[in-house]
Structure formats: structure tokens, C-alpha cells
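J.: File name start26.cif; file contents mmCIF, C-alpha atoms and all ligand atoms; chains and numbers go by the auth columns; full text below.
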data_coords
#
loop_
_atom_site.group_PDB
_atom_site.id
_atom_site.type_symbol
_atom_site.label_atom_id
_atom_site.label_comp_id
_atom_site.label_asym_id
_atom_site.label_seq_id
_atom_site.Cartn_x
_atom_site.Cartn_y
_atom_site.Cartn_z
_atom_site.B_iso_or_equiv
_atom_site.auth_seq_id
_atom_site.auth_asym_id
ATOM 1 C CA MET A 1 -48.103 -47.083 -46.473 0.00 1 A
ATOM 2 C CA LEU A 2 -50.408 -45.409 -49.001 0.00 2 A
ATOM 3 C CA THR A 3 -51.354 -42.263 -47.095 0.00 3 A
ATOM 4 C CA GLY A 4 -48.428 -41.822 -44.682 0.00 4 A
ATOM 5 C CA LEU A 5 -50.865 -41.402 -41.795 0.00 5 A
ATOM 6 C CA VAL A 6 -50.711 -43.453 -38.609 0.00 6 A
ATOM 7 C CA ASN A 7 -52.458 -46.816 -38.779 0.00 7 A
ATOM 8 C CA ARG A 8 -55.270 -48.187 -36.678 0.00 8 A
ATOM 9 C CA SER A 9 -53.168 -49.806 -33.953 0.00 9 A
ATOM 10 C CA GLN A 10 -50.926 -46.752 -33.570 0.00 10 A
ATOM 11 C CA PHE A 11 -54.029 -44.587 -33.299 0.00 11 A
ATOM 12 C CA ASP A 12 -55.540 -46.949 -30.706 0.00 12 A
ATOM 13 C CA ALA A 13 -52.472 -46.470 -28.504 0.00 13 A
ATOM 14 C CA VAL A 14 -52.640 -42.661 -28.781 0.00 14 A
ATOM 15 C CA LEU A 15 -56.391 -42.690 -28.102 0.00 15 A
ATOM 16 C CA LYS A 16 -55.959 -44.832 -24.969 0.00 16 A
ATOM 17 C CA SER A 17 -53.242 -42.574 -23.646 0.00 17 A
ATOM 18 C CA GLU A 18 -55.177 -39.344 -24.350 0.00 18 A
ATOM 19 C CA VAL A 19 -58.360 -40.747 -22.769 0.00 19 A
ATOM 20 C CA SER A 20 -56.372 -41.647 -19.608 0.00 20 A
ATOM 21 C CA ARG A 21 -54.985 -38.116 -19.556 0.00 21 A
ATOM 22 C CA GLN A 22 -58.528 -36.748 -19.948 0.00 22 A
ATOM 23 C CA HIS A 23 -59.722 -38.881 -17.011 0.00 23 A
ATOM 24 C CA ARG A 24 -56.902 -37.601 -14.807 0.00 24 A
ATOM 25 C CA TYR A 25 -56.771 -33.925 -15.767 0.00 25 A
ATOM 26 C CA ALA A 26 -60.312 -33.353 -17.124 0.00 26 A
ATOM 27 C CA ARG A 27 -59.068 -31.469 -20.182 0.00 27 A
ATOM 28 C CA PRO A 28 -61.331 -31.339 -23.252 0.00 28 A
ATOM 29 C CA LEU A 29 -60.645 -34.089 -25.797 0.00 29 A
ATOM 30 C CA SER A 30 -62.585 -34.650 -29.013 0.00 30 A
ATOM 31 C CA LEU A 31 -62.726 -37.329 -31.653 0.00 31 A
ATOM 32 C CA ILE A 32 -63.739 -36.915 -35.297 0.00 32 A
ATOM 33 C CA MET A 33 -64.449 -39.812 -37.654 0.00 33 A
ATOM 34 C CA LEU A 34 -64.805 -39.076 -41.351 0.00 34 A
ATOM 35 C CA ASP A 35 -65.752 -41.192 -44.304 0.00 35 A
ATOM 36 C CA LEU A 36 -65.699 -40.268 -47.990 0.00 36 A
ATOM 37 C CA ASP A 37 -69.123 -40.307 -49.626 0.00 37 A
ATOM 38 C CA PHE A 38 -69.821 -42.779 -52.438 0.00 38 A
ATOM 39 C CA PHE A 39 -66.169 -43.783 -52.660 0.00 39 A
ATOM 40 C CA LYS A 40 -67.125 -47.087 -54.273 0.00 40 A
ATOM 41 C CA GLN A 41 -68.440 -45.103 -57.264 0.00 41 A
ATOM 42 C CA ILE A 42 -65.047 -43.396 -57.677 0.00 42 A
ATOM 43 C CA ASN A 43 -63.316 -46.795 -57.836 0.00 43 A
ATOM 44 C CA ASP A 44 -66.005 -48.205 -60.103 0.00 44 A
ATOM 45 C CA SER A 45 -65.946 -45.255 -62.525 0.00 45 A
ATOM 46 C CA HIS A 46 -62.220 -44.493 -62.699 0.00 46 A
ATOM 47 C CA GLY A 47 -60.416 -47.518 -61.263 0.00 47 A
ATOM 48 C CA HIS A 48 -58.697 -48.365 -58.014 0.00 48 A
ATOM 49 C CA ASP A 49 -55.569 -46.294 -58.827 0.00 49 A
ATOM 50 C CA VAL A 50 -57.640 -43.115 -59.059 0.00 50 A
ATOM 51 C CA GLY A 51 -59.340 -44.063 -55.792 0.00 51 A
ATOM 52 C CA ASP A 52 -55.890 -44.417 -54.235 0.00 52 A
ATOM 53 C CA GLN A 53 -54.858 -40.983 -55.562 0.00 53 A
ATOM 54 C CA VAL A 54 -57.958 -39.447 -53.975 0.00 54 A
ATOM 55 C CA LEU A 55 -57.043 -41.064 -50.626 0.00 55 A
ATOM 56 C CA VAL A 56 -53.481 -39.719 -50.823 0.00 56 A
ATOM 57 C CA ALA A 57 -54.747 -36.208 -51.671 0.00 57 A
ATOM 58 C CA LEU A 58 -57.221 -36.383 -48.792 0.00 58 A
ATOM 59 C CA ALA A 59 -54.479 -37.443 -46.355 0.00 59 A
ATOM 60 C CA GLY A 60 -52.424 -34.394 -47.438 0.00 60 A
ATOM 61 C CA LEU A 61 -55.413 -32.115 -46.946 0.00 61 A
ATOM 62 C CA LEU A 62 -56.024 -33.522 -43.457 0.00 62 A
ATOM 63 C CA LYS A 63 -52.378 -33.065 -42.420 0.00 63 A
ATOM 64 C CA ARG A 64 -52.423 -29.441 -43.612 0.00 64 A
ATOM 65 C CA ASN A 65 -55.573 -28.686 -41.617 0.00 65 A
ATOM 66 C CA LEU A 66 -54.512 -30.173 -38.289 0.00 66 A
ATOM 67 C CA ARG A 67 -52.326 -29.033 -35.410 0.00 67 A
ATOM 68 C CA LYS A 68 -49.143 -30.867 -34.467 0.00 68 A
ATOM 69 C CA ALA A 69 -50.807 -32.058 -31.244 0.00 69 A
ATOM 70 C CA ASP A 70 -53.647 -33.672 -33.197 0.00 70 A
ATOM 71 C CA CYS A 71 -53.407 -37.275 -34.329 0.00 71 A
ATOM 72 C CA CYS A 72 -54.777 -38.363 -37.703 0.00 72 A
ATOM 73 C CA ALA A 73 -55.145 -41.994 -38.743 0.00 73 A
ATOM 74 C CA ARG A 74 -56.381 -43.962 -41.680 0.00 74 A
ATOM 75 C CA TRP A 75 -58.884 -46.123 -39.878 0.00 75 A
ATOM 76 C CA GLY A 76 -60.008 -48.370 -42.687 0.00 76 A
ATOM 77 C CA GLY A 77 -60.575 -48.170 -46.454 0.00 77 A
ATOM 78 C CA GLU A 78 -61.934 -44.647 -46.880 0.00 78 A
ATOM 79 C CA GLU A 79 -62.423 -43.907 -43.179 0.00 79 A
ATOM 80 C CA PHE A 80 -60.215 -41.554 -41.195 0.00 80 A
ATOM 81 C CA MET A 81 -59.991 -40.708 -37.503 0.00 81 A
ATOM 82 C CA LEU A 82 -58.829 -37.419 -35.959 0.00 82 A
ATOM 83 C CA LEU A 83 -58.079 -37.013 -32.270 0.00 83 A
ATOM 84 C CA ALA A 84 -57.957 -33.423 -31.049 0.00 84 A
ATOM 85 C CA PRO A 85 -56.602 -32.802 -27.529 0.00 85 A
ATOM 86 C CA GLU A 86 -57.530 -29.556 -25.731 0.00 86 A
ATOM 87 C CA THR A 87 -60.522 -29.291 -28.042 0.00 87 A
ATOM 88 C CA SER A 88 -64.158 -29.030 -26.935 0.00 88 A
ATOM 89 C CA LEU A 89 -67.112 -30.434 -28.883 0.00 89 A
ATOM 90 C CA GLU A 90 -67.916 -26.964 -30.233 0.00 90 A
ATOM 91 C CA GLN A 91 -64.329 -26.417 -31.413 0.00 91 A
ATOM 92 C CA ALA A 92 -64.191 -29.921 -32.911 0.00 92 A
ATOM 93 C CA VAL A 93 -67.401 -29.293 -34.857 0.00 93 A
ATOM 94 C CA ARG A 94 -65.828 -26.104 -36.223 0.00 94 A
ATOM 95 C CA LEU A 95 -62.711 -28.062 -37.211 0.00 95 A
ATOM 96 C CA ALA A 96 -64.831 -30.754 -38.890 0.00 96 A
ATOM 97 C CA GLU A 97 -66.799 -28.080 -40.790 0.00 97 A
ATOM 98 C CA LYS A 98 -63.531 -26.475 -41.921 0.00 98 A
ATOM 99 C CA ILE A 99 -62.261 -29.826 -43.225 0.00 99 A
ATOM 100 C CA ARG A 100 -65.624 -30.634 -44.815 0.00 100 A
ATOM 101 C CA GLY A 101 -65.490 -27.298 -46.698 0.00 101 A
ATOM 102 C CA ALA A 102 -61.859 -27.848 -47.709 0.00 102 A
ATOM 103 C CA ILE A 103 -62.670 -31.330 -49.101 0.00 103 A
ATOM 104 C CA LYS A 104 -65.707 -30.012 -50.973 0.00 104 A
ATOM 105 C CA HIS A 105 -63.671 -27.223 -52.602 0.00 105 A
ATOM 106 C CA THR A 106 -60.680 -29.372 -53.552 0.00 106 A
ATOM 107 C CA ASP A 107 -60.229 -30.503 -57.133 0.00 107 A
ATOM 108 C CA PHE A 108 -59.302 -34.167 -56.584 0.00 108 A
ATOM 109 C CA PRO A 109 -57.352 -36.150 -59.232 0.00 109 A
ATOM 110 C CA ILE A 110 -59.577 -37.195 -62.172 0.00 110 A
ATOM 111 C CA GLN A 111 -62.717 -37.380 -60.038 0.00 111 A
ATOM 112 C CA GLY A 112 -62.912 -33.630 -59.349 0.00 112 A
ATOM 113 C CA SER A 113 -65.301 -32.997 -56.513 0.00 113 A
ATOM 114 C CA VAL A 114 -65.625 -35.287 -53.509 0.00 114 A
ATOM 115 C CA THR A 115 -67.572 -34.937 -50.264 0.00 115 A
ATOM 116 C CA ALA A 116 -67.235 -36.516 -46.842 0.00 116 A
ATOM 117 C CA SER A 117 -69.430 -37.168 -43.802 0.00 117 A
ATOM 118 C CA PHE A 118 -68.301 -36.566 -40.228 0.00 118 A
ATOM 119 C CA GLY A 119 -69.108 -37.832 -36.740 0.00 119 A
ATOM 120 C CA VAL A 120 -67.865 -35.653 -33.868 0.00 120 A
ATOM 121 C CA VAL A 121 -67.881 -36.371 -30.118 0.00 121 A
ATOM 122 C CA GLU A 122 -66.193 -35.005 -27.020 0.00 122 A
ATOM 123 C CA VAL A 123 -64.978 -37.608 -24.512 0.00 123 A
ATOM 124 C CA HIS A 124 -67.166 -37.554 -21.404 0.00 124 A
ATOM 125 C CA SER A 125 -65.742 -37.592 -17.908 0.00 125 A
ATOM 126 C CA GLN A 126 -64.643 -41.192 -17.074 0.00 126 A
ATOM 127 C CA GLU A 127 -65.985 -42.482 -20.399 0.00 127 A
ATOM 128 C CA SER A 128 -64.372 -45.668 -21.737 0.00 128 A
ATOM 129 C CA VAL A 129 -62.555 -45.813 -25.077 0.00 129 A
ATOM 130 C CA LYS A 130 -65.109 -48.377 -26.219 0.00 130 A
ATOM 131 C CA SER A 131 -67.994 -46.034 -25.439 0.00 131 A
ATOM 132 C CA VAL A 132 -66.454 -43.031 -27.176 0.00 132 A
ATOM 133 C CA MET A 133 -65.682 -45.128 -30.260 0.00 133 A
ATOM 134 C CA LYS A 134 -69.271 -46.352 -30.325 0.00 134 A
ATOM 135 C CA ARG A 135 -70.602 -42.789 -30.084 0.00 135 A
ATOM 136 C CA VAL A 136 -68.381 -41.409 -32.846 0.00 136 A
ATOM 137 C CA ASP A 137 -69.305 -44.298 -35.132 0.00 137 A
ATOM 138 C CA ASN A 138 -72.959 -43.661 -34.387 0.00 138 A
ATOM 139 C CA ALA A 139 -72.577 -39.925 -35.103 0.00 139 A
ATOM 140 C CA LEU A 140 -70.957 -40.707 -38.469 0.00 140 A
ATOM 141 C CA TYR A 141 -73.752 -43.136 -39.268 0.00 141 A
ATOM 142 C CA LEU A 142 -76.299 -40.376 -38.609 0.00 142 A
ATOM 143 C CA ALA A 143 -74.413 -37.957 -40.881 0.00 143 A
ATOM 144 C CA LYS A 144 -74.618 -40.560 -43.668 0.00 144 A
ATOM 145 C CA GLU A 145 -78.250 -41.256 -42.960 0.00 145 A
ATOM 146 C CA LYS A 146 -79.207 -37.570 -42.992 0.00 146 A
ATOM 147 C CA GLY A 147 -77.857 -37.248 -46.538 0.00 147 A
ATOM 148 C CA ARG A 148 -73.996 -37.196 -46.333 0.00 148 A
ATOM 149 C CA ASP A 149 -71.684 -34.158 -46.814 0.00 149 A
ATOM 150 C CA ARG A 150 -72.415 -33.070 -43.232 0.00 150 A
ATOM 151 C CA VAL A 151 -71.194 -33.073 -39.652 0.00 151 A
ATOM 152 C CA SER A 152 -73.181 -34.893 -36.962 0.00 152 A
ATOM 153 C CA THR A 153 -72.665 -35.049 -33.213 0.00 153 A
ATOM 154 C CA GLY A 154 -74.900 -38.094 -32.847 0.00 154 A
ATOM 155 C CA GLY A 155 -77.844 -38.133 -30.518 0.00 155 A
ATOM 156 C CA LEU A 156 -79.354 -41.602 -30.778 0.00 156 A
ATOM 157 C CA LEU A 157 -77.745 -42.894 -27.578 0.00 157 A
ATOM 158 C CA THR A 158 -78.286 -41.351 -24.171 0.00 158 A
ATOM 159 C CA PRO A 159 -75.232 -41.365 -21.833 0.00 159 A
ATOM 160 C CA ALA A 160 -76.867 -44.052 -19.651 0.00 160 A
ATOM 161 C CA LYS A 161 -77.007 -46.452 -22.580 0.00 161 A
ATOM 162 C CA GLN A 162 -73.367 -46.006 -23.571 0.00 162 A
ATOM 163 C CA ALA A 163 -71.605 -47.929 -20.813 0.00 163 A
HETATM 164 N N1 LIG B . -58.922 -47.181 -54.269 0.00 201 B
HETATM 165 C C1 LIG B . -59.101 -47.698 -53.056 0.00 201 B
HETATM 166 N N2 LIG B . -60.348 -48.072 -52.661 0.00 201 B
HETATM 167 C C2 LIG B . -60.508 -48.584 -51.447 0.00 201 B
HETATM 168 C C3 LIG B . -59.427 -48.722 -50.558 0.00 201 B
HETATM 169 N N3 LIG B . -59.913 -49.241 -49.394 0.00 201 B
HETATM 170 C C4 LIG B . -61.250 -49.426 -49.561 0.00 201 B
HETATM 171 N N4 LIG B . -61.632 -49.027 -50.799 0.00 201 B
HETATM 172 C C5 LIG B . -62.967 -49.053 -51.405 0.00 201 B
HETATM 173 O O1 LIG B . -63.837 -48.142 -50.751 0.00 201 B
HETATM 174 C C6 LIG B . -65.188 -48.497 -51.087 0.00 201 B
HETATM 175 C C7 LIG B . -66.086 -48.264 -49.900 0.00 201 B
HETATM 176 O O2 LIG B . -67.403 -48.518 -50.294 0.00 201 B
HETATM 177 P P1 LIG B . -68.654 -48.390 -49.341 0.00 201 B
HETATM 178 O O3 LIG B . -68.288 -48.887 -47.971 0.00 201 B
HETATM 179 O O4 LIG B . -69.801 -49.011 -50.067 0.00 201 B
HETATM 180 O O5 LIG B . -68.876 -46.851 -49.124 0.00 201 B
HETATM 181 P P2 LIG B . -69.125 -45.643 -50.141 0.00 201 B
HETATM 182 O O6 LIG B . -69.181 -46.079 -51.574 0.00 201 B
HETATM 183 O O7 LIG B . -68.077 -44.604 -49.825 0.00 201 B
HETATM 184 O O8 LIG B . -70.557 -45.147 -49.722 0.00 201 B
HETATM 185 P P3 LIG B . -70.998 -44.290 -48.428 0.00 201 B
HETATM 186 O O9 LIG B . -69.886 -44.425 -47.401 0.00 201 B
HETATM 187 O O10 LIG B . -72.270 -44.910 -47.980 0.00 201 B
HETATM 188 O O11 LIG B . -71.160 -42.875 -48.886 0.00 201 B
HETATM 189 C C8 LIG B . -65.152 -49.954 -51.553 0.00 201 B
HETATM 190 O O12 LIG B . -65.407 -49.978 -52.934 0.00 201 B
HETATM 191 C C9 LIG B . -63.689 -50.376 -51.287 0.00 201 B
HETATM 192 O O13 LIG B . -63.213 -51.275 -52.266 0.00 201 B
HETATM 193 C C10 LIG B . -58.119 -48.328 -50.996 0.00 201 B
HETATM 194 O O14 LIG B . -57.098 -48.410 -50.307 0.00 201 B
HETATM 195 N N5 LIG B . -58.013 -47.813 -52.252 0.00 201 B
#
Reformat the file's structure so that it appears as C-alpha cells.
Ligand SMILES: Nc1nc2c(ncn2[C@@H]2O[C@H](COP(=O)(O)OP(=O)(O)OP(=O)(O)O)[C@@H](O)[C@H]2O)c(=O)[nH]1
T.:
Amino acid sequence: MLTGLVNRSQFDAVLKSEVSRQHRYARPLSLIMLDLDFFKQINDSHGHDVGDQVLVALAGLLKRNLRKADCCARWGGEEFMLLAPETSLEQAVRLAEKIRGAIKHTDFPIQGSVTASFGVVEVHSQESVKSVMKRVDNALYLAKEKGRDRVSTGGLLTPAKQA
């Protein structure tokens, strides 16, 4: 595997289990989705191999910035998912900002500077996995829409509409 992170189906299993734990014990649990900005341009300008090197460097950066209890997955092409148990929304936003800063100040292979956009949500009481995934995706979409290189906690959907 290119990045050495867990894959989508492994992450799904961890997410399901942590959400069940959250429902039972009401401990804070947050989810962060991040996506590299303008990654297509990196591939187009320098080639797919350089794009791959950037992804590997990013995976290393993510692993260094997370706790052992956190779970980090490559979700799709240049999309990554971080699950942070015992972490409130406020703490998760701080973590996302720390990672955003670290990415911005890293000298990536060939390309140099790279930025990323982040969606951050805390799992609500009794919220389904489907709903939390929808909210984090929506938050990331807003971060992109507002100009990229930023952290968003969403806001388009009200809790009543998320079921
Ligand atoms: N090198 C490399 N590129 C990949 C990999 N997986 C997906 N991609 C590329 O990632 C790019 C994603 O492009 P878009 O979805 O348009 O997103 P973007 O260019 O990052 O733009 P924004 O997300 O809107 O900032 C595509 O060019 C894919 O080919 C991979 O494993 N390696």
C-alpha cells in the first residue's frame, strides 16, 4: 500500500466500533476529513510519481502528528480521514489547525509547498455513522468553497435534517 495507512474498509470498521462506544459511554469522539488542495495540478505539472511522493510524505506527517489512539486512513485519492477518540470538537479543530500548519510549512518533494482543506465534526449523541460521514463531508466541502487551506466545522445542515 502506497501510504501505509489503514484503508477505507478498515477505517469503516473502526469508525463503527468507536461510534457504538460513543453511544454507550457518551465520550467525546471527533472526525476530521482532509483533502489536498489542487492536487491534480501537482500530478499535471510534475507527474504521477511526484504526486505519489507527496501522498507518502503527507501520510508520514499525519502519523507523526497523531496519538496512538487515533486512527488515520487514506480514504480515497488525496483524501484522508482521522478519527480522534476522547476528543471534543474544539480539541479536534485545534488538531486540524496544527496539521494544516504543519502541511503548509513542509517542503514537499519537488512541489515544495502544499495546502489542505479540513472538515471537522464531533459525533452527536445517538448519531448514525451515515449522518456523521455526511456532516464531515459537508464541512470539508465548505472549507473548499470558502477558499481552501482552512478548517471548517460545517453549518449548512441543521441536526434535524441529518437523520
Ligand atoms: N499521484 C497520485 N494522484 C492521485 C492518486 N489518487 C488520486 N490522484 C489524483 O488526485 C487528483 C484529484 O483531483 P481533484 O479531485 O480535481 O482535486 P484537486 O485537484 O485536489 O482540487 P481541489 O480538491 O478542489 O482543491 C486527480 O488528478 C487524481 O488523478 C494517487 O494515488 N497518486
J.: Report as a short mmCIF file (atom, residue, chain, number, x, y, z; two decimals) with C-alpha atoms, keeping the file's coordinate frame the full result of the PyMOL selection byres (((chain A and resi 51-63) around 10) and not hetatm) when it is applied to this structure.
T.:
data_model
loop_
_atom_site.label_atom_id
_atom_site.label_comp_id
_atom_site.auth_asym_id
_atom_site.auth_seq_id
_atom_site.Cartn_x
_atom_site.Cartn_y
_atom_site.Cartn_z
CA LEU A 2 -50.41 -45.41 -49.00
CA THR A 3 -51.35 -42.26 -47.10
CA GLY A 4 -48.43 -41.82 -44.68
CA LEU A 5 -50.86 -41.40 -41.80
CA LEU A 36 -65.70 -40.27 -47.99
CA PHE A 39 -66.17 -43.78 -52.66
CA LYS A 40 -67.12 -47.09 -54.27
CA GLN A 41 -68.44 -45.10 -57.26
CA ILE A 42 -65.05 -43.40 -57.68
CA ASN A 43 -63.32 -46.80 -57.84
CA ASP A 44 -66.00 -48.20 -60.10
CA SER A 45 -65.95 -45.26 -62.52
CA HIS A 46 -62.22 -44.49 -62.70
CA GLY A 47 -60.42 -47.52 -61.26
CA HIS A 48 -58.70 -48.36 -58.01
CA ASP A 49 -55.57 -46.29 -58.83
CA VAL A 50 -57.64 -43.12 -59.06
CA ARG A 64 -52.42 -29.44 -43.61
CA ASN A 65 -55.57 -28.69 -41.62
CA LEU A 66 -54.51 -30.17 -38.29
CA ARG A 67 -52.33 -29.03 -35.41
CA LYS A 68 -49.14 -30.87 -34.47
CA ASP A 70 -53.65 -33.67 -33.20
CA CYS A 71 -53.41 -37.28 -34.33
CA CYS A 72 -54.78 -38.36 -37.70
CA ALA A 73 -55.14 -41.99 -38.74
CA ARG A 74 -56.38 -43.96 -41.68
CA GLY A 77 -60.58 -48.17 -46.45
CA GLU A 78 -61.93 -44.65 -46.88
CA GLU A 79 -62.42 -43.91 -43.18
CA PHE A 80 -60.22 -41.55 -41.20
CA LEU A 82 -58.83 -37.42 -35.96
CA ILE A 99 -62.26 -29.83 -43.22
CA ALA A 102 -61.86 -27.85 -47.71
CA ILE A 103 -62.67 -31.33 -49.10
CA THR A 106 -60.68 -29.37 -53.55
CA ASP A 107 -60.23 -30.50 -57.13
CA PHE A 108 -59.30 -34.17 -56.58
CA PRO A 109 -57.35 -36.15 -59.23
CA ILE A 110 -59.58 -37.20 -62.17
CA GLN A 111 -62.72 -37.38 -60.04
CA GLY A 112 -62.91 -33.63 -59.35
CA VAL A 114 -65.62 -35.29 -53.51
#
J.: How far is it from atom CA of Pro85 of chain A to atom CA of Ser131 of chain A, in Å with one decimal?
T.: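 The value is 17.6 Å.
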J.: When the PyMOL selection byres (((chain A and resi 129) around 12) and not hetatm) is applied to the file above, which residues end up in the set, as a ChimeraX atom specification?
T.: /A:11-20,22-23,29-31,121-128,130-136,162-163
J.: When you look at segment 146-154 of chain A with a cut-off of 10 Å (counting only C-alpha atoms), what residues show up, excluding the ones that are within fewer than 2 positions of it in the same chain? I need them as a VMD selection string.
T.: chain A and resid 32 to 38 89 to 90 92 to 94 96 to 97 100 to 101 103 to 104 114 to 122 135 to 144 156 to 158
J.: Could you tell me how far atom CA of Val6 of chain A lies from atom CA of Arg27 of chain A, in Å and to one decimal?
T.: 23.5 Å
J.: Leaving out Pro28 of chain A and any residue of its chain fewer than 5 positions from it, which residues lie within 6 Å of it when counting all atoms listed in the file, given as a count of residues only?
T.: 3
J.: Could you tell me how far atom P3 of ligand LIG 201 (chain B) lies from atom CA of Ser9 of chain A, in Å and to one decimal?
T.: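 It comes out at 23.6 Å.
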J.: For ligand LIG 201 (chain B), which residue among A:Ser113, A:Gly155, A:Arg24, A:Glu145 is the nearest when counting all atoms listed in the file?
T.: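 Using all atoms listed in the file, the shortest distance to ligand LIG 201 (chain B) belongs to A:Glu145.
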J.: Once you add 8 Å to each side, what are the centre and edge lengths of the axis-aligned box holding all listed atoms of ligand LIG 201 (chain B)? One decimal in Å, as AutoDock Vina command-line options, if you can.
T.:
--center_x -64.7 --center_y -47.1 --center_z -50.8 --size_x 31.2 --size_y 24.4 --size_z 22.9
J.: Choose the residue, out of A:Asn7, A:Ala26, A:Ala69, A:Gly76, that has the smallest atom-to-atom separation from ligand LIG 201 (chain B); count all atoms listed in the file.
T.: A:Gly76
